[in-house]
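S.K.: So here's upload_13.txt (compact mmCIF, C-alpha atoms).
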```txt
# COMPACT_ATOMS: atom_id res chain seq x y z
CA MET Z 8 0.00 0.00 0.00
CA PHE Z 9 2.81 2.41 0.90
CA ARG Z 10 4.49 2.02 -2.50
CA GLU Z 11 1.17 2.82 -4.19
CA ILE Z 12 1.00 6.17 -2.40
CA VAL Z 13 4.53 7.50 -1.93
CA SER Z 14 7.02 8.02 -4.75
CA ILE Z 15 10.78 8.48 -4.71
CA GLY Z 16 11.52 12.21 -4.55
CA ASP Z 17 8.39 13.13 -2.58
CA LYS Z 18 8.92 15.80 0.04
CA ILE Z 19 8.73 14.82 3.71
CA GLU Z 20 8.29 16.78 6.92
CA ILE Z 21 9.60 15.19 10.12
CA LYS Z 22 8.50 15.83 13.72
CA GLN Z 23 9.61 13.99 16.85
CA LEU Z 24 7.20 11.98 19.02
CA ASP Z 25 7.30 11.39 22.76
CA GLN Z 26 7.25 7.98 24.45
CA LYS Z 27 3.45 7.90 24.25
CA GLY Z 28 3.50 8.46 20.51
CA GLU Z 29 2.29 12.07 20.76
CA LEU Z 30 3.83 15.00 18.93
CA ILE Z 31 6.31 17.03 20.98
CA LYS Z 32 4.96 20.57 20.53
CA SER Z 33 8.33 22.20 21.12
CA SER Z 34 10.14 20.02 18.58
CA LYS Z 35 11.27 21.57 15.30
CA THR Z 36 9.96 20.51 11.91
CA TYR Z 37 12.62 19.28 9.49
CA VAL Z 38 12.36 18.87 5.74
CA SER Z 39 13.51 15.68 4.04
CA GLN Z 40 12.92 13.68 0.87
CA MET Z 41 11.91 10.13 -0.01
CA ILE Z 42 15.02 8.35 -1.36
CA ASP Z 43 14.23 4.64 -1.71
CA PHE Z 44 12.26 1.64 -0.48
CA SER Z 45 13.96 -1.07 1.58
CA GLU Z 46 12.80 -4.49 2.76
CA ASP Z 47 9.57 -4.99 4.75
CA LYS Z 48 8.30 -1.59 5.98
CA LYS Z 49 11.67 0.12 5.99
CA ILE Z 50 12.39 3.16 3.83
CA ILE Z 51 15.40 5.37 3.15
CA ILE Z 52 15.04 9.13 3.50
CA ALA Z 53 17.45 12.06 3.21
CA THR Z 54 18.88 13.14 6.54
CA PRO Z 55 17.60 16.70 7.14
CA ILE Z 56 19.90 19.67 6.54
CA LYS Z 57 19.31 23.07 8.15
CA ASN Z 58 21.53 26.14 7.75
CA GLY Z 59 24.21 24.01 6.11
CA LEU Z 60 24.34 21.54 8.99
CA ILE Z 61 23.27 17.88 8.92
CA ILE Z 62 20.56 17.17 11.51
CA PRO Z 63 20.90 13.46 12.34
CA LEU Z 64 17.76 11.76 13.60
CA GLU Z 65 18.23 10.08 16.97
CA LYS Z 66 18.54 6.29 16.86
CA TRP Z 67 15.56 4.33 18.24
CA VAL Z 68 13.55 7.54 18.61
CA ASN Z 69 10.03 7.72 17.17
CA TYR Z 70 9.11 10.32 14.55
CA ARG Z 71 6.04 11.28 12.52
CA LEU Z 72 6.55 11.65 8.79
CA TYR Z 73 4.33 13.80 6.57
CA PHE Z 74 4.50 12.82 2.88
CA TYR Z 75 3.51 15.37 0.21
CA THR Z 76 2.41 13.16 -2.69
CA ILE Z 77 0.45 13.59 -5.89
CA LYS Z 78 -2.40 11.75 -4.13
CA GLY Z 79 -2.47 14.19 -1.23
CA LEU Z 80 -0.91 14.54 2.19
CA PHE Z 81 -0.25 11.36 4.19
CA GLN Z 82 1.25 10.72 7.59
CA CYS Z 83 2.71 7.70 9.33
CA ASP Z 84 4.95 7.06 12.31
CA CYS Z 85 8.39 5.49 12.25
CA VAL Z 86 11.38 4.60 14.39
CA MET Z 87 14.87 5.69 13.42
CA LEU Z 88 17.23 2.78 12.78
CA GLN Z 89 20.42 4.04 11.20
CA THR Z 90 22.17 7.07 9.69
CA TYR Z 91 24.86 6.39 7.10
CA ARG Z 92 26.73 8.05 4.25
CA GLU Z 93 26.36 7.01 0.61
CA GLY Z 94 28.75 8.99 -1.56
CA LYS Z 95 28.15 12.66 -0.78
CA ASN Z 96 24.69 12.01 0.66
CA VAL Z 97 23.81 11.33 4.30
CA LEU Z 98 20.80 9.01 4.52
CA SER Z 99 18.55 7.64 7.24
CA LEU Z 100 16.97 4.19 7.40
CA VAL Z 101 13.63 4.22 9.25
CA ASP Z 102 11.10 1.52 10.07
CA LEU Z 103 7.45 2.47 9.51
CA THR Z 104 5.34 1.56 12.55
CA THR Z 105 1.90 2.66 11.27
CA GLU Z 106 0.08 2.51 7.95
CA PRO Z 107 -0.06 5.73 5.87
CA GLU Z 108 -3.10 7.82 6.72
CA LYS Z 109 -4.45 10.57 4.50
CA ILE Z 110 -4.96 13.85 6.34
CA GLN Z 111 -6.32 17.31 5.59
CA ARG Z 112 -4.60 19.11 8.47
CA ARG Z 113 -1.95 20.65 6.26
CA GLN Z 114 -2.61 20.42 2.55
CA TYR Z 115 0.35 22.46 1.44
CA TYR Z 116 4.10 22.35 1.84
CA ARG Z 117 5.10 24.84 4.54
CA LEU Z 118 8.21 27.01 4.30
CA GLU Z 119 10.01 28.43 7.33
CA TYR Z 120 11.12 31.75 5.88
CA VAL Z 121 11.06 35.39 7.04
CA HIS Z 122 9.12 37.66 4.68
CA GLU Z 123 7.93 41.23 5.29
CA ILE Z 124 4.19 41.88 4.90
CA GLU Z 125 1.52 44.44 5.67
CA TYR Z 126 -1.75 43.52 7.36
CA ARG Z 127 -4.81 45.14 8.88
CA LEU Z 128 -7.69 43.95 11.02
CA ILE Z 129 -11.07 43.65 9.29
CA THR Z 130 -13.64 45.00 11.76
CA GLU Z 131 -17.31 44.01 12.10
CA GLU Z 132 -18.24 47.56 11.09
CA GLU Z 133 -16.33 47.20 7.83
CA VAL Z 134 -18.00 43.86 7.09
CA ALA Z 135 -21.44 45.38 7.73
CA LEU Z 136 -20.69 48.32 5.42
CA GLU Z 137 -19.43 45.97 2.68
CA GLU Z 138 -22.62 43.90 2.94
CA LYS Z 139 -24.77 47.01 2.77
CA LEU Z 140 -22.88 48.22 -0.30
CA LEU Z 141 -23.26 44.80 -1.91
CA LEU Z 142 -27.03 44.73 -1.34
CA GLY Z 143 -27.36 48.13 -2.99
CA LYS Z 144 -30.45 49.24 -1.09
CA PHE Z 145 -29.89 52.96 -0.53
CA THR Z 146 -32.39 55.44 0.92
CA HIS Z 147 -30.57 58.43 -0.56
CA PRO Z 148 -28.54 58.90 -3.81
CA ASP Z 149 -25.48 60.04 -1.85
CA GLU Z 150 -25.52 57.04 0.53
CA LYS Z 151 -23.51 54.81 -1.83
CA ALA Z 152 -20.70 57.35 -2.12
CA THR Z 153 -20.70 57.83 1.66
CA LEU Z 154 -20.35 54.08 2.21
CA ARG Z 155 -17.44 53.89 -0.21
CA ARG Z 156 -15.64 56.73 1.61
CA LYS Z 157 -16.11 55.02 4.99
CA ILE Z 158 -14.80 51.70 3.63
CA ALA Z 159 -11.81 53.48 2.08
CA GLU Z 160 -10.88 54.84 5.53
CA PHE Z 161 -10.38 51.31 6.83
CA ASN Z 162 -7.87 50.70 4.04
CA LYS Z 163 -5.49 53.26 5.58
CA GLU Z 164 -4.84 51.37 8.83
CA TRP Z 165 -2.06 49.02 7.78
CA HIS Z 166 0.56 47.47 10.08
CA HIS Z 167 3.97 46.03 9.26
CA ALA Z 168 4.72 42.41 10.24
CA ALA Z 169 6.98 39.48 9.36
CA ILE Z 170 5.83 36.09 8.15
CA THR Z 171 7.97 33.29 9.61
CA ASP Z 172 6.10 30.29 8.23
CA LEU Z 173 4.24 30.22 4.90
CA SER Z 174 2.17 27.72 2.90
CA GLY Z 175 -0.50 27.77 0.21
CA GLY Z 176 -3.13 27.45 2.92
CA GLY Z 177 -1.98 29.90 5.57
CA CYS Z 178 0.88 31.50 7.44
CA ARG Z 179 2.38 32.36 10.80
CA PHE Z 180 3.41 35.97 11.38
CA ASN Z 181 4.79 38.09 14.21
CA SER Z 182 3.18 41.42 15.07
CA GLU Z 183 2.97 44.07 17.76
CA LEU Z 184 -0.83 43.97 17.69
CA LYS Z 185 -2.63 41.42 19.86
CA LEU Z 186 -5.20 39.58 17.77
CA LYS Z 187 -7.61 36.86 18.83
CA SER Z 188 -8.96 33.62 17.43
CA GLY Z 189 -11.79 34.35 14.98
CA ASP Z 190 -10.44 37.73 13.86
CA LYS Z 191 -10.19 38.38 10.14
CA VAL Z 192 -7.21 40.20 8.65
CA ARG Z 193 -6.27 41.41 5.20
CA ILE Z 194 -2.67 40.61 4.23
CA ARG Z 195 -0.58 42.29 1.53
CA LEU Z 196 2.16 39.98 0.34
CA ASP Z 197 4.65 40.82 -2.44
CA PHE Z 198 7.05 38.29 -3.96
CA VAL Z 199 8.92 37.55 -7.18
CA ILE Z 200 8.51 34.49 -9.42
CA LYS Z 201 10.94 34.22 -12.33
CA ASN Z 202 11.71 37.95 -12.23
CA GLU Z 203 8.00 38.87 -12.22
CA LEU Z 204 6.60 40.81 -9.23
CA LYS Z 205 3.40 39.39 -7.75
CA LYS Z 206 1.21 41.38 -5.37
CA LEU Z 207 -1.36 39.43 -3.36
CA ASP Z 208 -4.15 40.84 -1.22
CA ILE Z 209 -5.43 37.94 0.90
CA ILE Z 210 -8.07 37.69 3.62
CA ALA Z 211 -7.16 35.29 6.45
CA ASP Z 212 -8.80 33.96 9.60
CA ILE Z 213 -6.74 34.14 12.81
CA ILE Z 214 -6.51 30.68 14.39
CA ALA Z 215 -4.41 31.71 17.39
CA SER Z 216 -2.43 34.69 18.70
CA ASN Z 217 0.08 34.15 21.52
CA LYS Z 218 2.55 36.43 23.25
CA MET Z 219 6.13 35.45 22.51
CA ILE Z 220 8.16 34.58 25.59
CA ASP Z 221 11.52 35.67 24.19
CA ARG Z 222 10.35 38.91 22.52
CA SER Z 223 8.66 41.55 24.64
CA GLY Z 224 5.55 43.12 23.10
CA ILE Z 225 5.48 40.75 20.10
CA TYR Z 226 2.73 38.25 19.31
CA GLU Z 227 2.90 35.15 17.13
CA ASN Z 228 -0.23 34.73 15.01
CA ARG Z 229 -1.38 31.66 13.09
CA ALA Z 230 -3.66 32.45 10.16
CA GLU Z 231 -5.57 30.44 7.57
CA PHE Z 232 -6.24 31.98 4.15
CA TYR Z 233 -9.92 32.58 3.42
CA ASN Z 234 -11.35 32.18 -0.11
CA ILE Z 235 -7.97 32.77 -1.75
CA MET Z 236 -8.20 32.84 -5.57
CA PRO Z 237 -6.91 29.61 -7.20
CA LYS Z 238 -4.43 31.56 -9.38
CA ASP Z 239 -3.10 33.43 -6.34
CA ARG Z 240 -2.67 30.17 -4.43
CA GLU Z 241 -0.90 28.60 -7.41
CA ASP Z 242 1.54 31.55 -7.64
CA LEU Z 243 2.14 31.39 -3.89
CA ILE Z 244 2.93 27.68 -3.98
CA LYS Z 245 5.31 28.19 -6.91
CA TYR Z 246 7.09 30.91 -4.95
CA ILE Z 247 7.36 28.69 -1.85
CA PHE Z 248 8.93 25.84 -3.79
CA GLU Z 249 11.32 28.20 -5.57
CA GLN Z 250 12.49 29.47 -2.18
CA GLU Z 251 12.74 25.95 -0.77
CA ARG Z 252 14.91 24.86 -3.71
CA ARG Z 253 17.11 27.93 -3.30
CA LEU Z 254 17.56 27.34 0.43
CA ARG Z 255 18.40 23.67 -0.07
CA LYS Z 256 20.93 24.64 -2.77
CA ASN Z 257 22.53 27.12 -0.38
CA ASP Z 258 22.68 24.47 2.34
CA LYS Z 259 24.60 22.15 0.05
CA THR Z 260 27.12 24.80 -0.97
CA ILE Z 261 27.97 25.97 2.55
```
Would you put the structure from the file into structure tokens?
M.R.:
Amino acid sequence: MFREIVSIGDKIEIKQLDQKGELIKSSKTYVSQMIDFSEDKKIIIATPIKNGLIIPLEKWVNYRLYFYTIKGLFQCDCVMLQTYREGKNVLSLVDLTTEPEKIQRRQYYRLEYVHEIEYRLITEEEVALEEKLLLGKFTHPDEKATLRRKIAEFNKEWHHAAITDLSGGGCRFNSELKLKSGDKVRIRLDFVIKNELKKLDIIADIIASNKMIDRSGIYENRAEFYNIMPKDREDLIKYIFEQERRLRKNDKTI
């Protein structure tokens, strides 16, 4: 079954498990790649590299693997057996301890990467005004123009922030403004794909906003994109993979 789902070259995310088989929340996420199939339920994956350094997986420790395949996102657990070198590559042999399970939790490859953005909170008043403008039921000829002016005022209240984690489905960003779960924000995100500048204006739902322990007055926000246009999502995913390839190339040359 595993060979029918996962292909050589598929991207993998790795997170460590505790002794009860639960994810360790404080553990880092590492990026790897499917290299080859071995006997029984054993597979060979690339040993993660971060900032030019090899990150060896700990022997006999349990990990959860997330496979990004053409059939969707799958997860399964494994135990680390061996790290070894084959030519210039450092590989890891792991033993799969669970069957692959399709999940919807994270449908897109996620890139840990700092990127400057602008954002603003979408208030309930703004939403109400937008709905009223959309319905088009005005008691006075000048009411439509007045509504447009009021909505335009909201578009002046932008804040600077930094995305630290980005995917086609959402992002994590640091800000000075305390948000709360359920808030809606509008995000302006600029990036370049093949020398062409792309400017996205995306609405996102705030999933969580927590004060950072090591940075006074800064909050870490997790957001999920809301009704993003398919073309915008496609451009964003292309950009993410371009950056991931560039970072991996830099890691190999350091």
S.K.: Separation of atom CA of Z:Ile210 and atom CA of Z:Val134, in Å?
M.R.: 12.2 Å
S.K.: One decimal, in Å: what's the spacing between atom CA of Z:Lys206 and atom CA of Z:Leu186?
M.R.: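 These two atoms are separated by 24.1 Å.
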S.K.: Within 9 Å of stretch 66-84 of chain Z, which residues of stretch 8-56 of chain Z come that close, and what is the closest atom pair and distance in Å for each? Count all atoms listed in the file and give it as JSON lines.
M.R.:
```
{"residue": "Z:Ile12", "atom": "CA", "partner": "Z:Lys78", "partner_atom": "CA", "distance": 6.8}
{"residue": "Z:Val13", "atom": "CA", "partner": "Z:Thr76", "partner_atom": "CA", "distance": 6.1}
{"residue": "Z:Ser14", "atom": "CA", "partner": "Z:Thr76", "partner_atom": "CA", "distance": 7.2}
{"residue": "Z:Asp17", "atom": "CA", "partner": "Z:Thr76", "partner_atom": "CA", "distance": 6.0}
{"residue": "Z:Lys18", "atom": "CA", "partner": "Z:Tyr75", "partner_atom": "CA", "distance": 5.4}
{"residue": "Z:Ile19", "atom": "CA", "partner": "Z:Phe74", "partner_atom": "CA", "distance": 4.8}
{"residue": "Z:Glu20", "atom": "CA", "partner": "Z:Tyr73", "partner_atom": "CA", "distance": 5.0}
{"residue": "Z:Ile21", "atom": "CA", "partner": "Z:Leu72", "partner_atom": "CA", "distance": 4.9}
{"residue": "Z:Lys22", "atom": "CA", "partner": "Z:Arg71", "partner_atom": "CA", "distance": 5.3}
{"residue": "Z:Gln23", "atom": "CA", "partner": "Z:Tyr70", "partner_atom": "CA", "distance": 4.4}
{"residue": "Z:Leu24", "atom": "CA", "partner": "Z:Tyr70", "partner_atom": "CA", "distance": 5.1}
{"residue": "Z:Asp25", "atom": "CA", "partner": "Z:Asn69", "partner_atom": "CA", "distance": 7.2}
{"residue": "Z:Gln26", "atom": "CA", "partner": "Z:Asn69", "partner_atom": "CA", "distance": 7.8}
{"residue": "Z:Gly28", "atom": "CA", "partner": "Z:Asn69", "partner_atom": "CA", "distance": 7.4}
{"residue": "Z:Leu30", "atom": "CA", "partner": "Z:Arg71", "partner_atom": "CA", "distance": 7.7}
{"residue": "Z:Gln40", "atom": "CA", "partner": "Z:Phe74", "partner_atom": "CA", "distance": 8.7}
{"residue": "Z:Met41", "atom": "CA", "partner": "Z:Phe74", "partner_atom": "CA", "distance": 8.4}
```
S.K.: One decimal, Å: what's the distance from atom CA of Z:Thr171 over to atom CA of Z:Ile214, could you say?
M.R.: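 Between atom CA of Z:Thr171 and atom CA of Z:Ile214 the gap works out to 15.5 Å.
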S.K.: Determine the nearest neighbour of Z:Asn96 from the options Z:Ile51, Z:Asn234, Z:Met219, Z:Tyr37, counting only C-alpha atoms.
M.R.: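 Residue with the minimum atom-to-atom distance to Z:Asn96: Z:Ile51.
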S.K.: Pick out the closest residue to Z:Lys201 from this set: Z:Tyr246, Z:Lys185, Z:Arg222, Z:Arg156. Count all atoms listed in the file.
M.R.: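 Using all atoms listed in the file, the shortest distance to Z:Lys201 belongs to Z:Tyr246.
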S.K.: Could you check the closest approach to Z:Ile213 for each of Z:Arg127, Z:Arg252, Z:Thr146, Z:Glu132 and tell me which residue wins, using all atoms listed in the file?
M.R.: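 Of Z:Arg127, Z:Arg252, Z:Thr146, Z:Glu132, the one nearest Z:Ile213 is Z:Arg127, counting all atoms listed in the file.
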S.K.: Which residue, Z:His167, Z:Arg229, Z:Lys95, Z:Arg193, has the smallest gap to Z:Phe180 when you use only C-alpha atoms?
M.R.: Z:Arg229
